[in-house]
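Beneath this line is the structure, given in structure tokens, with notes to follow.
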Amino acid sequence: MEQLKHECGVAMIRLLKPLSYYEHKYGTWRYGLNKLYLMMEKQHNRGQEGAGVACVNMDAEPGEEYMFREKAEGKDAITEIFKRIDGSFAGQLYMGHLRYSTTGKKGLQYVHPFLRRNNWRAKNLCLCGNFNMTNIDEVFEFLTAQGQSPRIYGDSYITLELMGHRLDREVERLYAQARSEGLEGTAITRYIDDNVEMANVLTTTMPHFDGGYVMCGLTGSGEMFAVRDPWGIRPAFWYQDDEVVVLASERPVIQTTFDLKAEDIRELKPGQSLIVRKSGESCLEQILEAKRMSACSFERIYFSRGSDRDIYLERKRLGEQLTPAIMKAIGGDVANTVFSYIPNTAEVAFYGMTDGIRKLNHDVRIEKVVWKDIKLRTFISDGSERNDLAAHVYDITYGSLVPYEDNLVIIDDSIVRGTTLKESIFKILDRLHPKKIVMVSSSPQIRYPDYYGIDMSRLEELCAFRAAIALIKEKGMQQLMADVYRRCKTAPMADNHVRAIYEPFTVEEINEKIVQMLCPEGMQAPIELVFQSIEGLHEACPNHPGDWYFTGRYPTPGGIRMVNMAFVNYVEQILKMQL
């Protein structure tokens with residue numbers, strides 16, 4: 001219900017035949033562009049703040065443009081871009097990106113792809129990615145210590161400059177090699193263009209970064225590549241036949257665009273790179289040693305499209321596994337309980353939840369209780385009016401349950417900040433006069449921020465954290481906060497010290513405190529929260545063990561450092577306000 005900006009989307013296509021082949025077979029030179037458009041639209045869920053595309057034409061003559069880029073802002077950016085593109089955008093390599101800002105930085109200059117120009121074709125580099133780097137300060141210092149001066153301080157630009165620097169060195173290596181073999185003039189250029197080893201560039205670039213990423217790129221000489229982080233945090237899938245090599249953030253995107261079976265598509269492995277050379281030859285290179293597998297579980301719960309075969313089944317299992325806890329919450333009174341969900345991403349978990357109830361030989365009463373309306377508040381500037389309209393983002397189906405007799409069980413995929421629950425959901429559900437509201441989350445309590453590409457970086461935004469702090473204050477345990485602050489300040493890389501904040505309390509105690517905090521004034525119906533267990537999460541999503549949102553077990557040193565510093569910032573902000 002509380003939309004998280006997250007996980008950018010990437011799409012790449014390498015045409016393996018001459019453009020005339022596609023025009024003859026498919027009736028248009030735009031075959032590659034049309035497929036790119038479909039892949040981007042099918043991933044629109046991954047980014048609605050901006051989009052960009054890039055193209056390389058390997059047939060261009062000297063003096064002709066051979067590397068093209070178009071970018072636009074807004075939710076209609078894809079349509080705007082493809083309306084602009086004309087015959088000049090013909091090429092063999094295409095790359096697309098959909099952006100959600102996780103840094104708060106706005107403007108066309110922050111929309112991918114990013115382009116580094118040079119008169120040598122092989123030194124031109126275009127990058128886009130689904131990533132967030134946790135150690136950009138260190139990388140910036142590394143670059144400046146070498147004498148470089150990046151124009152913009154941001155992980156996208158700094159990544160471009162570092163990789164561009166390593167690409168320059170690769171070209172210079174080949175230049176020296178060509179000269180040693182007696183080549184001169186344009187023969188040297190052809191030698192360089194035909195022999196660039198992107199694996200050399202990637203193995204000297206990517207070890208500098210800590211974070212979750214799928215980094216994609218094109219060079220002016222016709223190299224295409226994508227590399228996945230060594231923890232497998234961010235996803236990437238690819239496919240190849242005799243006509244194309246394609247890569248995307250989600251598997252069903254490739255399935256739908258090219259009419260394939262799930263088994264036809266391969267997942268890029270942690271630390272692995274897919275490289276397609278100028279010749280069209282492709283290979284997989286292990287760029288970084290694979291670390292402990294930490295594929296993001298939130299991809300399965302919320303972010304990725306539910307049309308993926310495996311994700312669909314996993315979300316159903318997440319819902320079904322909550323059956324015992326739900327039965328306990330309603331006292332087994334299924335006959336007087338209505339089951340529903342918060343639209344729209346929780347719908348599949350809802351199917352699993354109701355299947356679980358039916359397996360206990362109960363008839364299940366299903367209603368669409370909640371409807372999501374358009375975002376009415378975007379054009380309102382006054383704070384009080386915004387709050388009033390926020391309460392009407394959702395609406396209810398009147399008469400969908402028997403007042404004062406029926407329980408209402410309603411499931412969502414996650415409860416993050418709790419703002420929408422307090423300002424809208426609980427208020428409107430109370431108008432139906434349920435005997436009890438059981439609010440179900442198909443994910444566990446979100447206790448920790450993410451630092452790998454999602455816009456929840458502050459601890460105090462999370463309702464579970466606020467509940468734990470409230471319990472600490474109620475029980476006079478302020479010394480615990482002081483101890484955690486000291487450990488975070490003095491040893492930020494040693495361990496996630498913030499986990500100690502939750503240790504004195506059970507899940508049920510934190511649930512009860514969350515209810516107290518989020519219950520609107522004047523609410524009549526009692527509320528109970530039911531969260532997925534950590535064990536249930538891993539049982540439902542066994543191949544995606546990345547659970548740092550819930551457990552605080554960050555896979556990278558940068559994640560550990562950042563959560564500890566987030567607690568330091570939280571405490572110091574409180575102290576500043578008290579002065």
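For the structure tokens, the naming scheme is as follows: chains receive sequential letters (A, B, ...) according to their order of presentation, residues are indexed from 1 within each chain, and ligands are indexed from 1 in presentation order.
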
- Message: Can you tell me which residues surround A:Lys269 at a distance of at most 8 Å, considering only C-alpha atoms, apart from same-chain residues fewer than 2 positions away, and format the answer as JSON, numbers by chain?
- Response: {"A": [228, 232, 267, 271, 272]}

Counting only C-alpha atoms, what are the residues of stretch 74-148 of chain A within 12 Å of stretch 16-40 of chain A, and for each of them which pair of atoms is the nearest and at what distance in Å, to one decimal? Sort the table by chain and rising number, as JSON lines.
{"residue": "A:Asp76", "atom": "CA", "partner": "A:Met40", "partner_atom": "CA", "distance": 11.7}
{"residue": "A:Ala77", "atom": "CA", "partner": "A:Met40", "partner_atom": "CA", "distance": 10.6}
{"residue": "A:Ile78", "atom": "CA", "partner": "A:Met40", "partner_atom": "CA", "distance": 7.5}
{"residue": "A:Thr79", "atom": "CA", "partner": "A:Tyr37", "partner_atom": "CA", "distance": 8.7}
{"residue": "A:Glu80", "atom": "CA", "partner": "A:Tyr37", "partner_atom": "CA", "distance": 11.3}
{"residue": "A:Ile81", "atom": "CA", "partner": "A:Tyr37", "partner_atom": "CA", "distance": 9.6}
{"residue": "A:Phe82", "atom": "CA", "partner": "A:Tyr37", "partner_atom": "CA", "distance": 7.5}
{"residue": "A:Lys83", "atom": "CA", "partner": "A:Tyr37", "partner_atom": "CA", "distance": 10.9}
{"residue": "A:Ile85", "atom": "CA", "partner": "A:Leu33", "partner_atom": "CA", "distance": 9.2}
{"residue": "A:Asp86", "atom": "CA", "partner": "A:Arg30", "partner_atom": "CA", "distance": 9.4}
{"residue": "A:Gly87", "atom": "CA", "partner": "A:Arg30", "partner_atom": "CA", "distance": 8.5}
{"residue": "A:Ser88", "atom": "CA", "partner": "A:Arg30", "partner_atom": "CA", "distance": 10.9}
{"residue": "A:Phe89", "atom": "CA", "partner": "A:Leu33", "partner_atom": "CA", "distance": 8.6}
{"residue": "A:Ala90", "atom": "CA", "partner": "A:Arg30", "partner_atom": "CA", "distance": 7.3}
{"residue": "A:Gly91", "atom": "CA", "partner": "A:Leu19", "partner_atom": "CA", "distance": 7.6}
{"residue": "A:Gln92", "atom": "CA", "partner": "A:Leu19", "partner_atom": "CA", "distance": 7.4}
{"residue": "A:Leu93", "atom": "CA", "partner": "A:Gly32", "partner_atom": "CA", "distance": 8.3}
{"residue": "A:Tyr94", "atom": "CA", "partner": "A:Leu36", "partner_atom": "CA", "distance": 7.2}
{"residue": "A:Met95", "atom": "CA", "partner": "A:Leu36", "partner_atom": "CA", "distance": 7.5}
{"residue": "A:Gly96", "atom": "CA", "partner": "A:Met40", "partner_atom": "CA", "distance": 6.8}
{"residue": "A:His97", "atom": "CA", "partner": "A:Met40", "partner_atom": "CA", "distance": 7.3}
{"residue": "A:Leu98", "atom": "CA", "partner": "A:Met40", "partner_atom": "CA", "distance": 7.2}
{"residue": "A:Arg99", "atom": "CA", "partner": "A:Met40", "partner_atom": "CA", "distance": 10.9}

Please report as a tab-separated table every residue of stretch 416-458 of chain A lying within 9 Å of stretch 542-559 of chain A, along with the nearest atom pair and their distance in Å (one decimal), using only C-alpha atoms.
residue	atom	partner	partner_atom	distance
A:Ser443	CA	A:Phe550	CA	8.6
A:Pro444	CA	A:Phe550	CA	6.2
A:Gln445	CA	A:Phe550	CA	5.9
A:Ile446	CA	A:Phe550	CA	4.9
A:Arg447	CA	A:Phe550	CA	5.3
A:Tyr448	CA	A:Tyr549	CA	4.9
A:Pro449	CA	A:Tyr549	CA	6.1
A:Asp450	CA	A:Tyr549	CA	6.3
A:Tyr451	CA	A:Gly559	CA	6.1
A:Tyr452	CA	A:Gly559	CA	8.0

Do you have, as JSON lines, the list of residues of stretch 524-564 of chain A lying at most 10 Å from stretch 410-427 of chain A, each with its nearest atom pair and that distance in Å to one decimal, counting only C-alpha atoms and ordered by chain then number?
{"residue": "A:Gln524", "atom": "CA", "partner": "A:Lys427", "partner_atom": "CA", "distance": 9.6}
{"residue": "A:Ala525", "atom": "CA", "partner": "A:Phe426", "partner_atom": "CA", "distance": 9.1}
{"residue": "A:Ile527", "atom": "CA", "partner": "A:Phe426", "partner_atom": "CA", "distance": 8.8}
{"residue": "A:Leu529", "atom": "CA", "partner": "A:Ile415", "partner_atom": "CA", "distance": 10.0}
{"residue": "A:Val530", "atom": "CA", "partner": "A:Ile411", "partner_atom": "CA", "distance": 9.1}
{"residue": "A:Phe531", "atom": "CA", "partner": "A:Ser414", "partner_atom": "CA", "distance": 8.6}
{"residue": "A:Gln532", "atom": "CA", "partner": "A:Ser414", "partner_atom": "CA", "distance": 9.3}

Keeping C-alpha atoms, export the residues of the selection given above as a CSV table (one decimal), in the first residue's frame.
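Generated file (result-v1.csv):
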chain,number,residue,atom,x,y,z
A,524,GLN,CA,-13.8,1.6,17.2
A,525,ALA,CA,-12.8,-1.8,15.8
A,527,ILE,CA,-6.9,-4.3,15.4
A,529,LEU,CA,-1.4,-7.5,13.3
A,530,VAL,CA,-0.2,-10.8,11.8
A,531,PHE,CA,3.2,-10.8,10.2
A,532,GLN,CA,5.0,-13.5,8.2

- Task: Could you give me, as a ChimeraX atom specification, each residue of stretch 409-532 of chain A that DSSP assigns to alpha helix (DSSP H) when run on this structure's backbone?
- Result: /A:419-420,426-430,463-474,478-490,507-518

List as a PDB file with N, CA, C and O atoms, in the first residue's frame the protein and nucleic acid residues near A:Glu347, meaning an atom at most 12 Å away when only C-alpha atoms are counted, but skip any in the same chain fewer than 4 places from it.
ATOM      1  N   MET A   1       0.818  -1.198   0.000  1.00  0.00           N
ATOM      2  CA  MET A   1       0.000   0.000   0.000  1.00  0.00           C
ATOM      3  C   MET A   1       0.853   1.248   0.000  1.00  0.00           C
ATOM      4  O   MET A   1       0.485   2.255  -0.567  1.00  0.00           O
ATOM      5  N   ILE A 301       8.584 -10.862  -2.880  1.00  0.00           N
ATOM      6  CA  ILE A 301       7.392 -10.448  -2.147  1.00  0.00           C
ATOM      7  C   ILE A 301       6.651  -9.329  -2.868  1.00  0.00           C
ATOM      8  O   ILE A 301       5.422  -9.312  -2.931  1.00  0.00           O
ATOM      9  N   TYR A 302       7.394  -8.395  -3.451  1.00  0.00           N
ATOM     10  CA  TYR A 302       6.767  -7.144  -3.860  1.00  0.00           C
ATOM     11  C   TYR A 302       7.251  -6.591  -5.193  1.00  0.00           C
ATOM     12  O   TYR A 302       6.451  -6.221  -6.042  1.00  0.00           O
ATOM     13  N   GLY A 306       4.474 -10.255 -10.741  1.00  0.00           N
ATOM     14  CA  GLY A 306       3.922 -11.521 -10.269  1.00  0.00           C
ATOM     15  C   GLY A 306       3.616 -12.499 -11.381  1.00  0.00           C
ATOM     16  O   GLY A 306       3.216 -13.640 -11.112  1.00  0.00           O
ATOM     17  N   SER A 307       3.818 -12.097 -12.642  1.00  0.00           N
ATOM     18  CA  SER A 307       3.555 -13.003 -13.755  1.00  0.00           C
ATOM     19  C   SER A 307       4.653 -14.047 -13.937  1.00  0.00           C
ATOM     20  O   SER A 307       4.484 -14.994 -14.702  1.00  0.00           O
ATOM     21  N   TYR A 312       4.987 -16.181  -8.717  1.00  0.00           N
ATOM     22  CA  TYR A 312       3.564 -16.374  -8.458  1.00  0.00           C
ATOM     23  C   TYR A 312       3.343 -17.457  -7.400  1.00  0.00           C
ATOM     24  O   TYR A 312       2.584 -17.274  -6.430  1.00  0.00           O
ATOM     25  N   ARG A 315       4.566 -16.298  -3.886  1.00  0.00           N
ATOM     26  CA  ARG A 315       3.651 -15.367  -3.216  1.00  0.00           C
ATOM     27  C   ARG A 315       2.415 -16.079  -2.691  1.00  0.00           C
ATOM     28  O   ARG A 315       1.891 -15.722  -1.636  1.00  0.00           O
ATOM     29  N   LYS A 316       1.955 -17.087  -3.413  1.00  0.00           N
ATOM     30  CA  LYS A 316       0.831 -17.876  -2.897  1.00  0.00           C
ATOM     31  C   LYS A 316       1.232 -18.613  -1.622  1.00  0.00           C
ATOM     32  O   LYS A 316       0.461 -18.666  -0.654  1.00  0.00           O
ATOM     33  N   LEU A 318       3.502 -17.686   0.508  1.00  0.00           N
ATOM     34  CA  LEU A 318       3.615 -16.697   1.586  1.00  0.00           C
ATOM     35  C   LEU A 318       2.260 -16.453   2.231  1.00  0.00           C
ATOM     36  O   LEU A 318       2.158 -16.301   3.456  1.00  0.00           O
ATOM     37  N   GLY A 319       1.211 -16.399   1.414  1.00  0.00           N
ATOM     38  CA  GLY A 319      -0.125 -16.201   1.968  1.00  0.00           C
ATOM     39  C   GLY A 319      -0.636 -17.420   2.702  1.00  0.00           C
ATOM     40  O   GLY A 319      -1.194 -17.317   3.806  1.00  0.00           O
ATOM     41  N   PHE A 339     -12.673 -12.122   4.061  1.00  0.00           N
ATOM     42  CA  PHE A 339     -11.269 -12.077   3.670  1.00  0.00           C
ATOM     43  C   PHE A 339     -11.109 -11.167   2.461  1.00  0.00           C
ATOM     44  O   PHE A 339     -11.877 -11.254   1.494  1.00  0.00           O
ATOM     45  N   SER A 340     -10.082 -10.302   2.510  1.00  0.00           N
ATOM     46  CA  SER A 340      -9.841  -9.389   1.406  1.00  0.00           C
ATOM     47  C   SER A 340      -8.364  -9.026   1.348  1.00  0.00           C
ATOM     48  O   SER A 340      -7.544  -9.576   2.086  1.00  0.00           O
ATOM     49  N   TYR A 341      -8.016  -8.066   0.484  1.00  0.00           N
ATOM     50  CA  TYR A 341      -6.612  -7.675   0.320  1.00  0.00           C
ATOM     51  C   TYR A 341      -6.533  -6.205  -0.048  1.00  0.00           C
ATOM     52  O   TYR A 341      -7.499  -5.601  -0.503  1.00  0.00           O
ATOM     53  N   ILE A 342      -5.329  -5.638   0.164  1.00  0.00           N
ATOM     54  CA  ILE A 342      -5.046  -4.276  -0.265  1.00  0.00           C
ATOM     55  C   ILE A 342      -4.566  -4.342  -1.712  1.00  0.00           C
ATOM     56  O   ILE A 342      -3.594  -5.030  -2.014  1.00  0.00           O
ATOM     57  N   PRO A 343      -5.226  -3.651  -2.630  1.00  0.00           N
ATOM     58  CA  PRO A 343      -4.774  -3.719  -4.019  1.00  0.00           C
ATOM     59  C   PRO A 343      -3.452  -2.968  -4.194  1.00  0.00           C
ATOM     60  O   PRO A 343      -3.203  -2.002  -3.485  1.00  0.00           O
ATOM     61  N   TYR A 351      -4.723 -15.037  -2.628  1.00  0.00           N
ATOM     62  CA  TYR A 351      -5.173 -16.331  -3.141  1.00  0.00           C
ATOM     63  C   TYR A 351      -4.597 -17.473  -2.307  1.00  0.00           C
ATOM     64  O   TYR A 351      -5.286 -18.443  -2.000  1.00  0.00           O
ATOM     65  N   GLY A 352      -3.317 -17.339  -1.958  1.00  0.00           N
ATOM     66  CA  GLY A 352      -2.706 -18.374  -1.125  1.00  0.00           C
ATOM     67  C   GLY A 352      -3.319 -18.442   0.255  1.00  0.00           C
ATOM     68  O   GLY A 352      -3.536 -19.533   0.803  1.00  0.00           O
ATOM     69  N   MET A 353      -3.604 -17.278   0.845  1.00  0.00           N
ATOM     70  CA  MET A 353      -4.224 -17.226   2.176  1.00  0.00           C
ATOM     71  C   MET A 353      -5.583 -17.921   2.168  1.00  0.00           C
ATOM     72  O   MET A 353      -5.884 -18.748   3.050  1.00  0.00           O
ATOM     73  N   THR A 354      -6.413 -17.630   1.196  1.00  0.00           N
ATOM     74  CA  THR A 354      -7.742 -18.234   1.153  1.00  0.00           C
ATOM     75  C   THR A 354      -7.669 -19.722   0.811  1.00  0.00           C
ATOM     76  O   THR A 354      -8.486 -20.511   1.299  1.00  0.00           O
ATOM     77  N   LYS A 368     -14.135  -7.810  -2.264  1.00  0.00           N
ATOM     78  CA  LYS A 368     -13.181  -6.754  -2.582  1.00  0.00           C
ATOM     79  C   LYS A 368     -13.570  -5.554  -1.733  1.00  0.00           C
ATOM     80  O   LYS A 368     -14.389  -4.724  -2.124  1.00  0.00           O
ATOM     81  N   VAL A 370     -11.450  -3.126  -0.374  1.00  0.00           N
ATOM     82  CA  VAL A 370     -10.689  -1.888  -0.566  1.00  0.00           C
ATOM     83  C   VAL A 370     -10.429  -1.657  -2.052  1.00  0.00           C
ATOM     84  O   VAL A 370     -10.073  -2.582  -2.787  1.00  0.00           O
ATOM     85  N   ILE A 410      -7.571  -8.745   6.258  1.00  0.00           N
ATOM     86  CA  ILE A 410      -7.138  -8.068   5.038  1.00  0.00           C
ATOM     87  C   ILE A 410      -5.614  -8.145   4.936  1.00  0.00           C
ATOM     88  O   ILE A 410      -4.902  -7.852   5.894  1.00  0.00           O
ATOM     89  N   ILE A 411      -5.121  -8.595   3.800  1.00  0.00           N
ATOM     90  CA  ILE A 411      -3.691  -8.868   3.647  1.00  0.00           C
ATOM     91  C   ILE A 411      -3.030  -7.840   2.739  1.00  0.00           C
ATOM     92  O   ILE A 411      -3.636  -7.359   1.779  1.00  0.00           O
ATOM     93  N   ASP A 412      -1.809  -7.484   3.084  1.00  0.00           N
ATOM     94  CA  ASP A 412      -0.959  -6.656   2.232  1.00  0.00           C
ATOM     95  C   ASP A 412       0.396  -7.342   2.128  1.00  0.00           C
ATOM     96  O   ASP A 412       0.712  -8.258   2.905  1.00  0.00           O
ATOM     97  N   ASP A 413       1.229  -6.906   1.163  1.00  0.00           N
ATOM     98  CA  ASP A 413       2.534  -7.554   0.987  1.00  0.00           C
ATOM     99  C   ASP A 413       3.538  -7.123   2.031  1.00  0.00           C
ATOM    100  O   ASP A 413       4.469  -7.853   2.344  1.00  0.00           O
ATOM    101  N   SER A 441       0.390  -9.149   7.008  1.00  0.00           N
ATOM    102  CA  SER A 441       1.504  -8.817   6.122  1.00  0.00           C
ATOM    103  C   SER A 441       2.155 -10.106   5.647  1.00  0.00           C
ATOM    104  O   SER A 441       2.550 -10.941   6.461  1.00  0.00           O
ATOM    105  N   SER A 442       2.261 -10.253   4.324  1.00  0.00           N
ATOM    106  CA  SER A 442       2.885 -11.475   3.806  1.00  0.00           C
ATOM    107  C   SER A 442       4.398 -11.466   3.975  1.00  0.00           C
ATOM    108  O   SER A 442       5.055 -12.465   3.702  1.00  0.00           O
TER     109      SER A 442
END
